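First comes the structure, then the notes that go with it.
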Amino acid sequence: MEEIFERLYDMTAFSNIIADPRFIIMYAIAFVLLYLGIKKQYEPLLLVPIAFGVLLANFPGGEMGVIQADENGMVMVNGVMKNIWEMPLHEIAHELGLMNFIYYMLIKTGFLPPVIFMGVGALTDFGPMLRNLRLSIFGAAAQLGIFAVLLVAIMVGFTPQEAASLGIIGGADGPTAIFTTIKLAPHLLGPIAIAAYSYMALVPVIIPLVVRLWCNKKELSINMKEQEKMYPPTIEIKNMRVLKIVFPIAVTTIVALFVPSAVPLVGMLMFGNLVKEIGSNTSRLFDAASNSIMNAATIFLGISVGATMTTDAFLNWTTIGIVIGGFLAFGLSISGGIFFVKIYNLFTKKKINPLIGATGLSAVPMASRVANEIALKYDPKNHVLQYCMASNISGVIGSAVAAGVLISFLG
């Protein structure tokens, strides 16, 4: 009877959990992420799949965790080192499991992030940015955190490639962070992806925190509509539809000429937007890009990235450094946008609310909604959403271009 109970005990995961209590920490992380995604509704479309992937990867015996290959692409398969890129697809699925198949074929090859960018483009309206082009410069200023943290990370011991992957978290764009890390430091993909998406989800907490630190009531009460009335724009857009169609084509061409390595992200972003703006003639393409393809890519990306979060890959000092550095990058990016607005206001009569600078991140449209709520607390009539979106949308392009620059120099 005792032997039967021992076998039953060994059959369960409790023996493994007791032998390695680190599993409990990973379960706690997964449950916190699930709580943020489900209860707090922080980026649930991505946070929920990622959190569930963490759970799947850390149930002992489930064999759902992703096995990370080394820099040469070598992984241990049944006691033998093999090159993952030379293994047939059926062998990867059979020997390493479905999750590894998805991870190596769809994510580590860099396929899914551009696909998601295509969906983001299809869901994005560049109208607010095109109507307020002068505000788009604050999206560029908000990339400060990327390069500041890159330098700090190098000084504390990260390689330039690892530091760039860490710094890109400051762009507040999950697919961009994943794409950059795949190219520069694939062994850090799990913790960087989790940090990037977690901080994106915490935008409603982080932006108000940074804004309170640097801005006063007078600045936050600047009414953008009143400023527009006092100082009306000198240029009037006569045919917005034509401009919206020309814009993605022009941006893709310019980026392809000057930063070719950013084309996979920016190009797919602009293609998705183009099929949206053309209208009924490409409505089927728009529907596929913004719905079925986008949703499927999000599911595969979230679950398999979460599955990289095994105890060995996550519970180490490098990961702790990534979490701290990611928060610093995020905070510096928001601060960079705010201070650029402050400097801008010193030299112009037409004042800008610092909240526009705080939304130069790529977290669209959550950052803009959060900033608008802050503005309404100081003035119930001060709706800044459309102005924030101008900076916010330009931040998407800015972070993708920044990623392309980093990949060009360090890849």
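Here, A, B, ... name the chains of the structure tokens in the order displayed, residue numbers run from 1 inside each chain, and ligands are numbered from 1 in the same displayed order.
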Which neighbours of A:Leu55 fall inside 8 Å, counting only C-alpha atoms, when residues of the same chain fewer than 5 positions from it are skipped, and could you give them as a ChimeraX atom specification? /A:26-27,30,307
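Note that atom CA of A:Ala172 and atom CA of A:Ile67 are 26.6 Å apart.
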Surrounding residues of A:Phe300 excluding itself and chain neighbours under 3 positions, 9 Å, only C-alpha atoms, as a PDB file with N, CA, C and O atoms, in the first residue's frame:
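Final output, around_31.pdb:
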```pdb
ATOM      1  N   PRO A  49      -2.647  35.583 -22.305  1.00  0.00           N
ATOM      2  CA  PRO A  49      -1.905  34.479 -22.936  1.00  0.00           C
ATOM      3  C   PRO A  49      -0.493  34.305 -22.379  1.00  0.00           C
ATOM      4  O   PRO A  49      -0.035  33.171 -22.187  1.00  0.00           O
ATOM      5  N   ILE A 102       6.210  26.162 -32.108  1.00  0.00           N
ATOM      6  CA  ILE A 102       5.647  27.493 -32.334  1.00  0.00           C
ATOM      7  C   ILE A 102       6.706  28.564 -32.117  1.00  0.00           C
ATOM      8  O   ILE A 102       6.863  29.490 -32.914  1.00  0.00           O
ATOM      9  N   TYR A 103       7.460  28.405 -31.027  1.00  0.00           N
ATOM     10  CA  TYR A 103       8.440  29.417 -30.652  1.00  0.00           C
ATOM     11  C   TYR A 103       9.523  29.578 -31.716  1.00  0.00           C
ATOM     12  O   TYR A 103       9.819  30.697 -32.156  1.00  0.00           O
ATOM     13  N   LEU A 106       7.809  30.423 -35.456  1.00  0.00           N
ATOM     14  CA  LEU A 106       7.010  31.629 -35.651  1.00  0.00           C
ATOM     15  C   LEU A 106       7.564  32.854 -34.947  1.00  0.00           C
ATOM     16  O   LEU A 106       7.372  33.977 -35.424  1.00  0.00           O
ATOM     17  N   ILE A 107       8.247  32.650 -33.822  1.00  0.00           N
ATOM     18  CA  ILE A 107       8.683  33.807 -33.045  1.00  0.00           C
ATOM     19  C   ILE A 107      10.173  34.064 -33.200  1.00  0.00           C
ATOM     20  O   ILE A 107      10.596  35.149 -33.570  1.00  0.00           O
ATOM     21  N   LEU A 112       6.296  36.615 -36.291  1.00  0.00           N
ATOM     22  CA  LEU A 112       5.065  37.130 -35.694  1.00  0.00           C
ATOM     23  C   LEU A 112       5.079  38.620 -35.361  1.00  0.00           C
ATOM     24  O   LEU A 112       4.052  39.292 -35.568  1.00  0.00           O
ATOM     25  N   ASN A 295      -5.447  38.298 -34.324  1.00  0.00           N
ATOM     26  CA  ASN A 295      -5.827  37.536 -33.136  1.00  0.00           C
ATOM     27  C   ASN A 295      -5.038  36.234 -33.016  1.00  0.00           C
ATOM     28  O   ASN A 295      -4.572  35.871 -31.929  1.00  0.00           O
ATOM     29  N   ALA A 296      -4.885  35.523 -34.141  1.00  0.00           N
ATOM     30  CA  ALA A 296      -4.123  34.275 -34.116  1.00  0.00           C
ATOM     31  C   ALA A 296      -2.667  34.537 -33.752  1.00  0.00           C
ATOM     32  O   ALA A 296      -2.070  33.818 -32.930  1.00  0.00           O
ATOM     33  N   ALA A 297      -2.070  35.577 -34.337  1.00  0.00           N
ATOM     34  CA  ALA A 297      -0.677  35.914 -34.045  1.00  0.00           C
ATOM     35  C   ALA A 297      -0.498  36.286 -32.579  1.00  0.00           C
ATOM     36  O   ALA A 297       0.490  35.897 -31.940  1.00  0.00           O
ATOM     37  N   ILE A 303       1.321  33.056 -25.669  1.00  0.00           N
ATOM     38  CA  ILE A 303       1.509  31.787 -24.973  1.00  0.00           C
ATOM     39  C   ILE A 303       2.953  31.299 -25.073  1.00  0.00           C
ATOM     40  O   ILE A 303       3.547  30.853 -24.080  1.00  0.00           O
ATOM     41  N   SER A 304       3.540  31.370 -26.267  1.00  0.00           N
ATOM     42  CA  SER A 304       4.894  30.837 -26.428  1.00  0.00           C
ATOM     43  C   SER A 304       5.946  31.719 -25.764  1.00  0.00           C
ATOM     44  O   SER A 304       6.937  31.215 -25.237  1.00  0.00           O
ATOM     45  N   VAL A 305       5.745  33.049 -25.741  1.00  0.00           N
ATOM     46  CA  VAL A 305       6.667  33.919 -25.004  1.00  0.00           C
ATOM     47  C   VAL A 305       6.563  33.626 -23.510  1.00  0.00           C
ATOM     48  O   VAL A 305       7.574  33.550 -22.799  1.00  0.00           O
TER      49      VAL A 305
END
```
For A:Ile249, find every residue with an atom within 10 Å (counting only C-alpha atoms), except residues of its own chain fewer than 5 positions away, and show them as a ChimeraX atom specification. /A:244,254,267,270-271,273-274
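Around stretch 405-408 of chain A, within 8 Å and counting only C-alpha atoms, the residues found are A:Ala164, A:Thr180, A:Lys183, A:Leu184, A:Val259, A:Ser261, A:Ala262, A:Val401, once anything fewer than 4 positions away on its own chain is removed.
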Go ahead and write the selection's residues with C-alpha atoms as a short mmCIF file (atom, residue, chain, number, x, y, z; two decimals), in the first residue's frame.
```cif
data_model
loop_
_atom_site.label_atom_id
_atom_site.label_comp_id
_atom_site.auth_asym_id
_atom_site.auth_seq_id
_atom_site.Cartn_x
_atom_site.Cartn_y
_atom_site.Cartn_z
CA ALA A 164 20.00 47.48 -26.61
CA THR A 180 14.89 43.61 -31.38
CA LYS A 183 17.93 39.91 -33.53
CA LEU A 184 20.37 40.95 -30.79
CA VAL A 259 16.90 52.68 -41.97
CA SER A 261 16.53 47.27 -40.88
CA ALA A 262 13.36 48.94 -39.56
CA VAL A 401 12.89 53.23 -36.21
#
```
Which neighbours of A:Glu86 fall inside 10 Å, counting only C-alpha atoms, when residues of the same chain fewer than 4 positions from it are skipped, and could you give them as a compact mmCIF listing (two decimals) with C-alpha atoms, in the first residue's frame?
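Written out: out_27.txt:
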```txt
# COMPACT_ATOMS: atom_id res chain seq x y z
CA GLY A 73 21.42 27.46 -32.11
CA MET A 74 22.33 24.29 -30.18
CA LYS A 82 21.52 19.39 -31.98
CA ILE A 92 11.08 19.65 -33.44
```
Residue contacts of A:Glu373 (9 Å, only C-alpha atoms) excluding same-chain residues fewer than 6 positions away, as a PyMOL selection string: chain A and resi 383-385
For A:Pro114, the nearest of the candidates A:Val242, A:Ile169, A:Val266, A:Met11, counting only C-alpha atoms: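 The answer is A:Val266, which sits nearest to A:Pro114.
The gap separating atom CA of A:Met366 from atom CA of A:Tyr378 is 19.4 Å, in Å to one decimal.
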DSSP on the backbone: what in stretch 25-91 of chain A comes out helix (DSSP H, G or I), as a ChimeraX atom specification? /A:25-38,44-57,89-91
